[in-house]
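Raw contents of target23.pdb, PDB, C-alpha atoms, pLDDT in the B column:
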```
ATOM      1  CA  MET A  23      -3.701  55.607 -12.313  1.00 91.00           C
ATOM      2  CA  ILE A  24      -1.769  52.877 -14.189  1.00 96.00           C
ATOM      3  CA  HIS A  25      -1.045  49.485 -12.669  1.00 95.00           C
ATOM      4  CA  ILE A  26       1.213  47.121 -14.619  1.00 96.00           C
ATOM      5  CA  ASN A  27       1.198  43.664 -13.082  1.00 95.00           C
ATOM      6  CA  HIS A  28       3.946  41.205 -14.150  1.00 95.00           C
ATOM      7  CA  ILE A  29       3.505  42.036 -17.825  1.00 96.00           C
ATOM      8  CA  SER A  30       5.484  40.203 -20.512  1.00 96.00           C
ATOM      9  CA  LYS A  31       5.522  40.254 -24.310  1.00 96.00           C
ATOM     10  CA  LYS A  32       7.157  37.708 -26.600  1.00 95.00           C
ATOM     11  CA  TYR A  33       6.666  38.178 -30.330  1.00 94.00           C
ATOM     12  CA  LYS A  34       5.905  35.157 -32.472  1.00 93.00           C
ATOM     13  CA  GLY A  35       9.041  33.588 -33.930  1.00 91.00           C
ATOM     14  CA  THR A  36      11.454  35.190 -31.444  1.00 91.00           C
ATOM     15  CA  ASP A  37      13.517  33.488 -28.747  1.00 88.00           C
ATOM     16  CA  PHE A  38      13.441  36.298 -26.215  1.00 91.00           C
ATOM     17  CA  TYR A  39      10.960  38.560 -24.446  1.00 94.00           C
ATOM     18  CA  SER A  40      10.717  42.197 -25.545  1.00 94.00           C
ATOM     19  CA  VAL A  41       9.175  42.964 -22.133  1.00 96.00           C
ATOM     20  CA  GLU A  42       9.642  40.481 -19.303  1.00 95.00           C
ATOM     21  CA  ASP A  43       7.784  40.255 -15.984  1.00 95.00           C
ATOM     22  CA  LEU A  44       7.571  44.016 -15.595  1.00 95.00           C
ATOM     23  CA  ASP A  45       5.840  45.537 -12.563  1.00 95.00           C
ATOM     24  CA  LEU A  46       5.091  49.258 -12.302  1.00 96.00           C
ATOM     25  CA  LYS A  47       2.650  51.716 -10.778  1.00 96.00           C
ATOM     26  CA  ILE A  48       2.197  55.236 -12.144  1.00 96.00           C
ATOM     27  CA  GLU A  49       0.310  57.624  -9.896  1.00 96.00           C
ATOM     28  CA  GLU A  50      -2.260  60.186 -10.996  1.00 96.00           C
ATOM     29  CA  GLY A  51      -0.708  63.529 -11.903  1.00 96.00           C
ATOM     30  CA  GLU A  52       2.802  62.211 -12.482  1.00 97.00           C
ATOM     31  CA  ILE A  53       5.013  62.920 -15.468  1.00 97.00           C
ATOM     32  CA  PHE A  54       6.604  59.508 -15.779  1.00 97.00           C
ATOM     33  CA  GLY A  55       9.592  59.039 -18.071  1.00 96.00           C
ATOM     34  CA  LEU A  56      10.355  55.666 -19.662  1.00 95.00           C
ATOM     35  CA  LEU A  57      13.968  55.818 -20.802  1.00 95.00           C
ATOM     36  CA  GLY A  58      16.139  53.185 -22.418  1.00 92.00           C
ATOM     37  CA  PRO A  59      18.355  52.278 -25.392  1.00 90.00           C
ATOM     38  CA  ASN A  60      17.049  51.261 -28.805  1.00 85.00           C
ATOM     39  CA  GLY A  61      15.432  47.841 -28.570  1.00 86.00           C
ATOM     40  CA  ALA A  62      15.039  48.038 -24.766  1.00 90.00           C
ATOM     41  CA  GLY A  63      11.278  47.374 -24.925  1.00 90.00           C
ATOM     42  CA  LYS A  64       9.898  50.900 -24.467  1.00 91.00           C
ATOM     43  CA  THR A  65       7.761  50.949 -27.612  1.00 88.00           C
ATOM     44  CA  THR A  66       6.397  47.471 -26.913  1.00 92.00           C
ATOM     45  CA  LEU A  67       5.492  48.500 -23.369  1.00 93.00           C
ATOM     46  CA  ILE A  68       3.799  51.724 -24.505  1.00 92.00           C
ATOM     47  CA  SER A  69       1.892  49.781 -27.196  1.00 91.00           C
ATOM     48  CA  MET A  70       0.524  47.419 -24.542  1.00 93.00           C
ATOM     49  CA  LEU A  71      -0.418  50.313 -22.265  1.00 93.00           C
ATOM     50  CA  CYS A  72      -2.331  51.914 -25.158  1.00 90.00           C
ATOM     51  CA  GLY A  73      -4.144  48.686 -26.013  1.00 89.00           C
ATOM     52  CA  LEU A  74      -2.409  48.309 -29.386  1.00 89.00           C
ATOM     53  CA  LEU A  75      -0.701  45.053 -28.365  1.00 92.00           C
ATOM     54  CA  LYS A  76      -1.926  42.196 -26.184  1.00 94.00           C
ATOM     55  CA  PRO A  77       0.502  41.043 -23.488  1.00 95.00           C
ATOM     56  CA  THR A  78       1.765  37.472 -23.633  1.00 96.00           C
ATOM     57  CA  SER A  79       1.134  37.349 -19.889  1.00 95.00           C
ATOM     58  CA  GLY A  80       0.341  39.722 -17.056  1.00 95.00           C
ATOM     59  CA  SER A  81      -2.176  42.551 -16.955  1.00 94.00           C
ATOM     60  CA  VAL A  82      -2.594  46.319 -17.232  1.00 94.00           C
ATOM     61  CA  THR A  83      -5.273  48.449 -15.623  1.00 95.00           C
ATOM     62  CA  ILE A  84      -5.744  52.160 -16.316  1.00 95.00           C
ATOM     63  CA  ASN A  85      -7.953  54.081 -13.916  1.00 91.00           C
ATOM     64  CA  GLU A  86      -9.012  50.613 -12.642  1.00 92.00           C
ATOM     65  CA  LEU A  87     -10.186  49.593 -16.147  1.00 91.00           C
ATOM     66  CA  ASN A  88      -8.741  46.937 -18.473  1.00 90.00           C
ATOM     67  CA  PHE A  89      -8.813  46.856 -22.274  1.00 89.00           C
ATOM     68  CA  ARG A  90     -10.538  43.480 -22.438  1.00 88.00           C
ATOM     69  CA  ASP A  91     -13.758  44.784 -20.865  1.00 89.00           C
ATOM     70  CA  ASN A  92     -13.496  48.564 -21.308  1.00 91.00           C
ATOM     71  CA  LYS A  93     -11.754  49.254 -24.625  1.00 87.00           C
ATOM     72  CA  LYS A  94     -14.118  52.043 -25.706  1.00 87.00           C
ATOM     73  CA  LYS A  95     -13.950  53.870 -22.364  1.00 90.00           C
ATOM     74  CA  LEU A  96     -10.164  53.681 -22.308  1.00 91.00           C
ATOM     75  CA  GLN A  97      -9.827  54.968 -25.865  1.00 86.00           C
ATOM     76  CA  PHE A  98     -11.493  58.207 -24.766  1.00 89.00           C
ATOM     77  CA  LEU A  99      -9.560  58.335 -21.490  1.00 93.00           C
ATOM     78  CA  ILE A 100      -6.110  58.225 -23.089  1.00 95.00           C
ATOM     79  CA  GLY A 101      -4.334  60.291 -25.729  1.00 94.00           C
ATOM     80  CA  VAL A 102      -1.443  59.046 -27.841  1.00 93.00           C
ATOM     81  CA  VAL A 103       1.097  61.227 -29.628  1.00 92.00           C
ATOM     82  CA  PRO A 104       3.423  59.031 -31.734  1.00 86.00           C
ATOM     83  CA  GLN A 105       6.922  59.913 -32.840  1.00 84.00           C
ATOM     84  CA  GLU A 106       5.893  59.617 -36.486  1.00 87.00           C
ATOM     85  CA  TYR A 107       3.638  62.337 -37.874  1.00 89.00           C
ATOM     86  CA  ALA A 108       0.076  60.990 -37.941  1.00 88.00           C
ATOM     87  CA  LEU A 109      -1.134  63.696 -40.309  1.00 95.00           C
ATOM     88  CA  TYR A 110      -2.489  63.970 -43.867  1.00 96.00           C
ATOM     89  CA  PRO A 111      -0.013  66.168 -45.772  1.00 96.00           C
ATOM     90  CA  THR A 112      -2.452  67.414 -48.439  1.00 97.00           C
ATOM     91  CA  LEU A 113      -5.019  68.579 -45.867  1.00 97.00           C
ATOM     92  CA  THR A 114      -4.751  71.804 -43.905  1.00 98.00           C
ATOM     93  CA  ALA A 115      -3.961  71.819 -40.195  1.00 98.00           C
ATOM     94  CA  TYR A 116      -7.605  72.654 -39.444  1.00 98.00           C
ATOM     95  CA  GLU A 117      -8.922  69.875 -41.705  1.00 97.00           C
ATOM     96  CA  ASN A 118      -6.595  67.354 -40.069  1.00 97.00           C
ATOM     97  CA  LEU A 119      -7.800  68.356 -36.620  1.00 97.00           C
ATOM     98  CA  LEU A 120     -11.460  68.227 -37.659  1.00 96.00           C
ATOM     99  CA  TYR A 121     -10.868  64.643 -38.773  1.00 95.00           C
ATOM    100  CA  PHE A 122      -9.021  63.520 -35.637  1.00 94.00           C
ATOM    101  CA  GLY A 123     -11.467  65.313 -33.354  1.00 94.00           C
ATOM    102  CA  ALA A 124     -14.396  63.552 -35.057  1.00 93.00           C
ATOM    103  CA  MET A 125     -12.676  60.217 -34.418  1.00 90.00           C
ATOM    104  CA  TYR A 126     -12.991  60.968 -30.707  1.00 89.00           C
ATOM    105  CA  GLY A 127     -16.663  61.853 -31.066  1.00 88.00           C
ATOM    106  CA  LEU A 128     -16.194  65.607 -30.885  1.00 92.00           C
ATOM    107  CA  LYS A 129     -18.346  67.757 -33.121  1.00 92.00           C
ATOM    108  CA  GLY A 130     -19.952  71.144 -33.595  1.00 93.00           C
ATOM    109  CA  LYS A 131     -19.040  74.081 -31.393  1.00 93.00           C
ATOM    110  CA  LYS A 132     -17.053  71.994 -28.899  1.00 92.00           C
ATOM    111  CA  LEU A 133     -14.754  70.611 -31.588  1.00 95.00           C
ATOM    112  CA  LYS A 134     -14.301  74.030 -33.194  1.00 95.00           C
ATOM    113  CA  LYS A 135     -13.520  75.620 -29.828  1.00 95.00           C
ATOM    114  CA  ASN A 136     -10.977  72.919 -28.894  1.00 95.00           C
ATOM    115  CA  ILE A 137      -9.212  73.256 -32.247  1.00 97.00           C
ATOM    116  CA  GLU A 138      -9.065  77.050 -32.139  1.00 96.00           C
ATOM    117  CA  GLN A 139      -7.844  77.152 -28.532  1.00 95.00           C
ATOM    118  CA  SER A 140      -5.171  74.522 -29.189  1.00 96.00           C
ATOM    119  CA  LEU A 141      -3.923  76.213 -32.353  1.00 97.00           C
ATOM    120  CA  GLU A 142      -3.729  79.511 -30.470  1.00 97.00           C
ATOM    121  CA  SER A 143      -1.891  77.975 -27.493  1.00 95.00           C
ATOM    122  CA  LEU A 144       0.727  76.395 -29.741  1.00 96.00           C
ATOM    123  CA  GLY A 145       1.219  79.416 -31.979  1.00 96.00           C
ATOM    124  CA  LEU A 146      -0.406  77.940 -35.078  1.00 97.00           C
ATOM    125  CA  SER A 147      -3.533  80.075 -35.561  1.00 97.00           C
ATOM    126  CA  PRO A 148      -2.086  82.029 -38.541  1.00 97.00           C
ATOM    127  CA  PHE A 149      -1.395  78.735 -40.338  1.00 97.00           C
ATOM    128  CA  ALA A 150      -4.673  76.918 -39.622  1.00 97.00           C
ATOM    129  CA  ASN A 151      -5.694  76.859 -43.296  1.00 97.00           C
ATOM    130  CA  LYS A 152      -2.289  75.983 -44.740  1.00 98.00           C
ATOM    131  CA  ARG A 153      -1.546  72.452 -45.951  1.00 98.00           C
ATOM    132  CA  ILE A 154       0.558  70.287 -43.637  1.00 97.00           C
ATOM    133  CA  LYS A 155       3.053  69.517 -46.416  1.00 97.00           C
ATOM    134  CA  THR A 156       4.131  73.183 -46.340  1.00 97.00           C
ATOM    135  CA  PHE A 157       4.876  73.125 -42.584  1.00 96.00           C
ATOM    136  CA  SER A 158       8.295  72.972 -40.954  1.00 93.00           C
ATOM    137  CA  GLY A 159       9.194  70.023 -38.706  1.00 92.00           C
ATOM    138  CA  GLY A 160       8.433  71.976 -35.553  1.00 93.00           C
ATOM    139  CA  MET A 161       5.026  73.051 -36.860  1.00 95.00           C
ATOM    140  CA  LYS A 162       4.126  69.476 -37.840  1.00 95.00           C
ATOM    141  CA  ARG A 163       5.199  68.289 -34.404  1.00 94.00           C
ATOM    142  CA  ARG A 164       2.866  70.813 -32.762  1.00 95.00           C
ATOM    143  CA  VAL A 165      -0.105  69.819 -34.946  1.00 96.00           C
ATOM    144  CA  ASN A 166       0.724  66.173 -34.212  1.00 95.00           C
ATOM    145  CA  LEU A 167       0.477  66.956 -30.501  1.00 96.00           C
ATOM    146  CA  ILE A 168      -2.856  68.752 -30.880  1.00 96.00           C
ATOM    147  CA  ALA A 169      -4.315  65.764 -32.769  1.00 96.00           C
ATOM    148  CA  GLY A 170      -3.659  63.560 -29.734  1.00 94.00           C
ATOM    149  CA  ILE A 171      -5.063  65.937 -27.097  1.00 95.00           C
ATOM    150  CA  LEU A 172      -8.174  67.482 -28.699  1.00 94.00           C
ATOM    151  CA  HIS A 173     -10.445  65.246 -26.591  1.00 93.00           C
ATOM    152  CA  GLN A 174      -8.647  66.421 -23.416  1.00 93.00           C
ATOM    153  CA  PRO A 175      -7.401  63.008 -22.264  1.00 95.00           C
ATOM    154  CA  LYS A 176      -6.852  62.171 -18.636  1.00 96.00           C
ATOM    155  CA  ILE A 177      -3.694  60.218 -19.527  1.00 96.00           C
ATOM    156  CA  LEU A 178      -1.297  61.185 -22.315  1.00 97.00           C
ATOM    157  CA  PHE A 179       1.326  58.924 -23.904  1.00 95.00           C
ATOM    158  CA  LEU A 180       4.159  60.794 -25.630  1.00 93.00           C
ATOM    159  CA  ASP A 181       6.839  59.187 -27.803  1.00 88.00           C
ATOM    160  CA  GLU A 182       9.743  61.585 -28.452  1.00 86.00           C
ATOM    161  CA  PRO A 183       7.492  64.696 -28.513  1.00 88.00           C
ATOM    162  CA  THR A 184      10.325  67.117 -29.385  1.00 89.00           C
ATOM    163  CA  VAL A 185      12.503  65.062 -31.732  1.00 87.00           C
ATOM    164  CA  GLY A 186      13.786  67.048 -34.712  1.00 85.00           C
ATOM    165  CA  VAL A 187      12.284  70.402 -33.718  1.00 89.00           C
ATOM    166  CA  ASP A 188      13.768  73.879 -33.338  1.00 90.00           C
ATOM    167  CA  VAL A 189      14.433  75.323 -29.881  1.00 92.00           C
ATOM    168  CA  GLN A 190      11.423  77.662 -30.001  1.00 93.00           C
ATOM    169  CA  SER A 191       9.005  74.847 -30.934  1.00 92.00           C
ATOM    170  CA  LYS A 192      10.469  72.634 -28.225  1.00 93.00           C
ATOM    171  CA  ASN A 193       9.944  75.351 -25.625  1.00 93.00           C
ATOM    172  CA  VAL A 194       6.308  75.911 -26.671  1.00 94.00           C
ATOM    173  CA  ILE A 195       5.587  72.162 -26.665  1.00 94.00           C
ATOM    174  CA  MET A 196       7.130  71.565 -23.234  1.00 94.00           C
ATOM    175  CA  GLN A 197       5.360  74.569 -21.690  1.00 95.00           C
ATOM    176  CA  HIS A 198       2.034  73.343 -23.071  1.00 96.00           C
ATOM    177  CA  LEU A 199       2.630  69.848 -21.679  1.00 96.00           C
ATOM    178  CA  LYS A 200       3.514  71.253 -18.260  1.00 96.00           C
ATOM    179  CA  LYS A 201       0.282  73.257 -18.271  1.00 96.00           C
ATOM    180  CA  MET A 202      -1.698  70.116 -19.151  1.00 96.00           C
ATOM    181  CA  ASN A 203      -0.036  68.285 -16.276  1.00 97.00           C
ATOM    182  CA  ASN A 204      -0.791  71.164 -13.885  1.00 96.00           C
ATOM    183  CA  ASP A 205      -4.425  70.912 -15.016  1.00 95.00           C
ATOM    184  CA  GLY A 206      -4.506  67.217 -14.053  1.00 95.00           C
ATOM    185  CA  THR A 207      -3.271  65.180 -17.016  1.00 97.00           C
ATOM    186  CA  THR A 208      -1.008  62.246 -16.180  1.00 97.00           C
ATOM    187  CA  ILE A 209       1.822  61.995 -18.718  1.00 97.00           C
ATOM    188  CA  ILE A 210       3.879  58.973 -19.760  1.00 97.00           C
ATOM    189  CA  TYR A 211       6.855  60.116 -21.795  1.00 93.00           C
ATOM    190  CA  THR A 212       9.670  58.433 -23.732  1.00 92.00           C
ATOM    191  CA  SER A 213      12.717  60.241 -25.048  1.00 88.00           C
ATOM    192  CA  HIS A 214      16.430  59.966 -25.731  1.00 87.00           C
ATOM    193  CA  HIS A 215      16.936  63.554 -24.529  1.00 89.00           C
ATOM    194  CA  MET A 216      18.260  62.958 -21.012  1.00 92.00           C
ATOM    195  CA  SER A 217      18.503  66.620 -20.027  1.00 93.00           C
ATOM    196  CA  GLU A 218      14.909  67.186 -21.148  1.00 93.00           C
ATOM    197  CA  ALA A 219      13.739  64.147 -19.168  1.00 94.00           C
ATOM    198  CA  GLN A 220      15.658  65.307 -16.097  1.00 96.00           C
ATOM    199  CA  ASP A 221      13.912  68.688 -16.135  1.00 95.00           C
ATOM    200  CA  PHE A 222      10.473  67.479 -17.228  1.00 95.00           C
ATOM    201  CA  CYS A 223       9.755  64.229 -15.383  1.00 97.00           C
ATOM    202  CA  SER A 224       8.624  63.829 -11.793  1.00 97.00           C
ATOM    203  CA  LYS A 225       9.673  60.157 -11.907  1.00 97.00           C
ATOM    204  CA  VAL A 226      11.766  58.081 -14.278  1.00 97.00           C
ATOM    205  CA  ALA A 227      12.302  54.388 -15.016  1.00 96.00           C
ATOM    206  CA  ILE A 228      15.277  53.190 -17.051  1.00 96.00           C
ATOM    207  CA  VAL A 229      14.385  50.119 -19.086  1.00 94.00           C
ATOM    208  CA  ASP A 230      16.817  47.665 -20.686  1.00 93.00           C
ATOM    209  CA  SER A 231      16.322  44.163 -22.108  1.00 92.00           C
ATOM    210  CA  GLY A 232      12.602  44.423 -21.352  1.00 93.00           C
ATOM    211  CA  LYS A 233      13.080  45.030 -17.622  1.00 95.00           C
ATOM    212  CA  ILE A 234      13.168  48.056 -15.334  1.00 96.00           C
ATOM    213  CA  ILE A 235      16.677  48.364 -13.959  1.00 95.00           C
ATOM    214  CA  ILE A 236      16.042  51.449 -11.804  1.00 96.00           C
ATOM    215  CA  LYS A 237      13.222  53.878 -11.034  1.00 96.00           C
ATOM    216  CA  GLY A 238      12.686  56.962  -8.906  1.00 97.00           C
ATOM    217  CA  THR A 239      12.809  60.730  -9.134  1.00 97.00           C
ATOM    218  CA  PRO A 240      15.580  62.164 -11.349  1.00 96.00           C
ATOM    219  CA  ASN A 241      17.450  63.324  -8.233  1.00 96.00           C
ATOM    220  CA  GLU A 242      17.151  59.891  -6.603  1.00 97.00           C
ATOM    221  CA  LEU A 243      18.634  58.272  -9.691  1.00 97.00           C
ATOM    222  CA  ILE A 244      21.471  60.800  -9.877  1.00 97.00           C
ATOM    223  CA  ASN A 245      22.270  60.292  -6.191  1.00 96.00           C
ATOM    224  CA  SER A 246      22.355  56.519  -6.674  1.00 95.00           C
ATOM    225  CA  VAL A 247      25.468  56.636  -8.881  1.00 94.00           C
ATOM    226  CA  ASN A 248      28.759  57.769  -7.360  1.00 94.00           C
ATOM    227  CA  GLY A 249      29.875  61.125  -8.727  1.00 93.00           C
ATOM    228  CA  ALA A 250      26.924  61.508 -11.114  1.00 94.00           C
ATOM    229  CA  LYS A 251      25.598  65.019 -11.637  1.00 95.00           C
ATOM    230  CA  ARG A 252      23.272  64.438 -14.574  1.00 96.00           C
ATOM    231  CA  LEU A 253      20.707  61.824 -15.547  1.00 96.00           C
ATOM    232  CA  GLU A 254      22.706  61.065 -18.697  1.00 95.00           C
ATOM    233  CA  GLU A 255      25.629  59.863 -16.548  1.00 96.00           C
ATOM    234  CA  VAL A 256      23.293  57.519 -14.658  1.00 95.00           C
ATOM    235  CA  TYR A 257      21.847  56.236 -17.921  1.00 94.00           C
ATOM    236  CA  LEU A 258      25.271  55.434 -19.407  1.00 94.00           C
ATOM    237  CA  ASP A 259      26.510  53.887 -16.166  1.00 94.00           C
ATOM    238  CA  LEU A 260      23.549  51.481 -16.069  1.00 93.00           C
ATOM    239  CA  THR A 261      23.088  50.697 -19.774  1.00 91.00           C
ATOM    240  CA  GLY A 262      26.709  50.949 -20.957  1.00 86.00           C
ATOM    241  CA  GLY A 263      28.276  52.906 -23.772  1.00 77.00           C
ATOM    242  CA  GLU A 264      27.969  50.283 -26.515  1.00 76.00           C
ATOM    243  CA  LEU A 265      25.991  51.129 -29.632  1.00 69.00           C
ATOM    244  CA  ARG A 266      22.467  49.691 -29.749  1.00 63.00           C
ATOM    245  CA  ASP A 267      21.874  49.688 -33.517  1.00 66.00           C
ATOM    246  CA  TYR A 268      19.319  47.174 -34.758  1.00 62.00           C
ATOM    247  CA  VAL A 269      17.175  46.535 -37.847  1.00 59.00           C
TER     248      VAL A 269
END
```

Write the structure described by the file as structure tokens, please.
Amino acid sequence: MIHINHISKKYKGTDFYSVEDLDLKIEEGEIFGLLGPNGAGKTTLISMLCGLLKPTSGSVTINELNFRDNKKKLQFLIGVVPQEYALYPTLTAYENLLYFGAMYGLKGKKLKKNIEQSLESLGLSPFANKRIKTFSGGMKRRVNLIAGILHQPKILFLDEPTVGVDVQSKNVIMQHLKKMNNDGTTIIYTSHHMSEAQDFCSKVAIVDSGKIIIKGTPNELINSVNGAKRLEEVYLDLTGGELRDYV
């Protein structure tokens, strides 16, 4: 589904690569976790996979298409749910979703049906006509998710989809994502929640300094480190315990 071929990215004015000579294949139907410390290159990699950044070298194909020749097709094929809320606070949930759905070319009965079904699935129907600025963090996170999946993408990119939410919202979000995956959506997921990634992902790659240092199923990674019982122990063993603060 996704083929990353020796991709690198070096930002102008920097002396190092944010992503360096990275090779990866993600199969159709996988839930693939990209894990790594702050500044490891995850966001840069995701941005290139979504067509938001051009690689310095190397190539990416999604469903055998590249962004250079098939940008429009790929924009409808993929969905992106950013960590930051991509919502208009003074508009209602329904108005926000009408706007984002229209951006994907949805309209009329199809758009209305997709919005209503999504709001119902994520427990937001009673609040459809309330302004986003009145919503709790968990409610905003759920609307943020709906905005990225209204067009029913074949591939979904998720950046910290449950950060800052209550336990109930997290459960609803993860169950909805699992249902989407069961229905055929390939998911690429980044998070700092190791236990969540361990339970959710079918495969995982740990990224540091712009390179993949290990990849495999969560169990394969756990078995690769002596005495490890959790993915978090593998992560700390491979990336170290030092703080990764940066500005």

Atom CA of A:Ala219 to atom CA of A:Thr239, straight-line distance in Å
10.6 Å

Translate the PyMOL selection byres ((chain A and resi 29) around 6), as applied to the file shown, into an explicit residue set as number ranges by chain.
A: 27-28, 30, 43-44, 79-81

Closest-contact table, stretch 218-261 of chain A side, partner stretch 65-70 of chain A, 12 Å, counting only C-alpha atoms, as a tab-separated table:
```
residue	atom	partner	partner_atom	distance
A:Val229	CA	A:Leu67	CA	10.0
A:Asp230	CA	A:Leu67	CA	11.7
A:Ser231	CA	A:Thr66	CA	11.5
A:Gly232	CA	A:Leu67	CA	8.4
A:Lys233	CA	A:Leu67	CA	10.1
A:Ile234	CA	A:Leu67	CA	11.1
```

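Straight-line separation from atom CA of A:Arg164 to atom CA of A:Ile195: 6.8 Å.
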
Identify, on the basis of only C-alpha atoms, every residue whose closest approach to A:Lys251 does not exceed 12 Å; exclude the query and any residue fewer than 6 positions from it along the same chain; express the result as number ranges by chain.
A: 217, 220, 240-245, 257

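From atom CA of A:Gln190 back to atom CA of A:Thr207, the distance works out to 23.2 Å.
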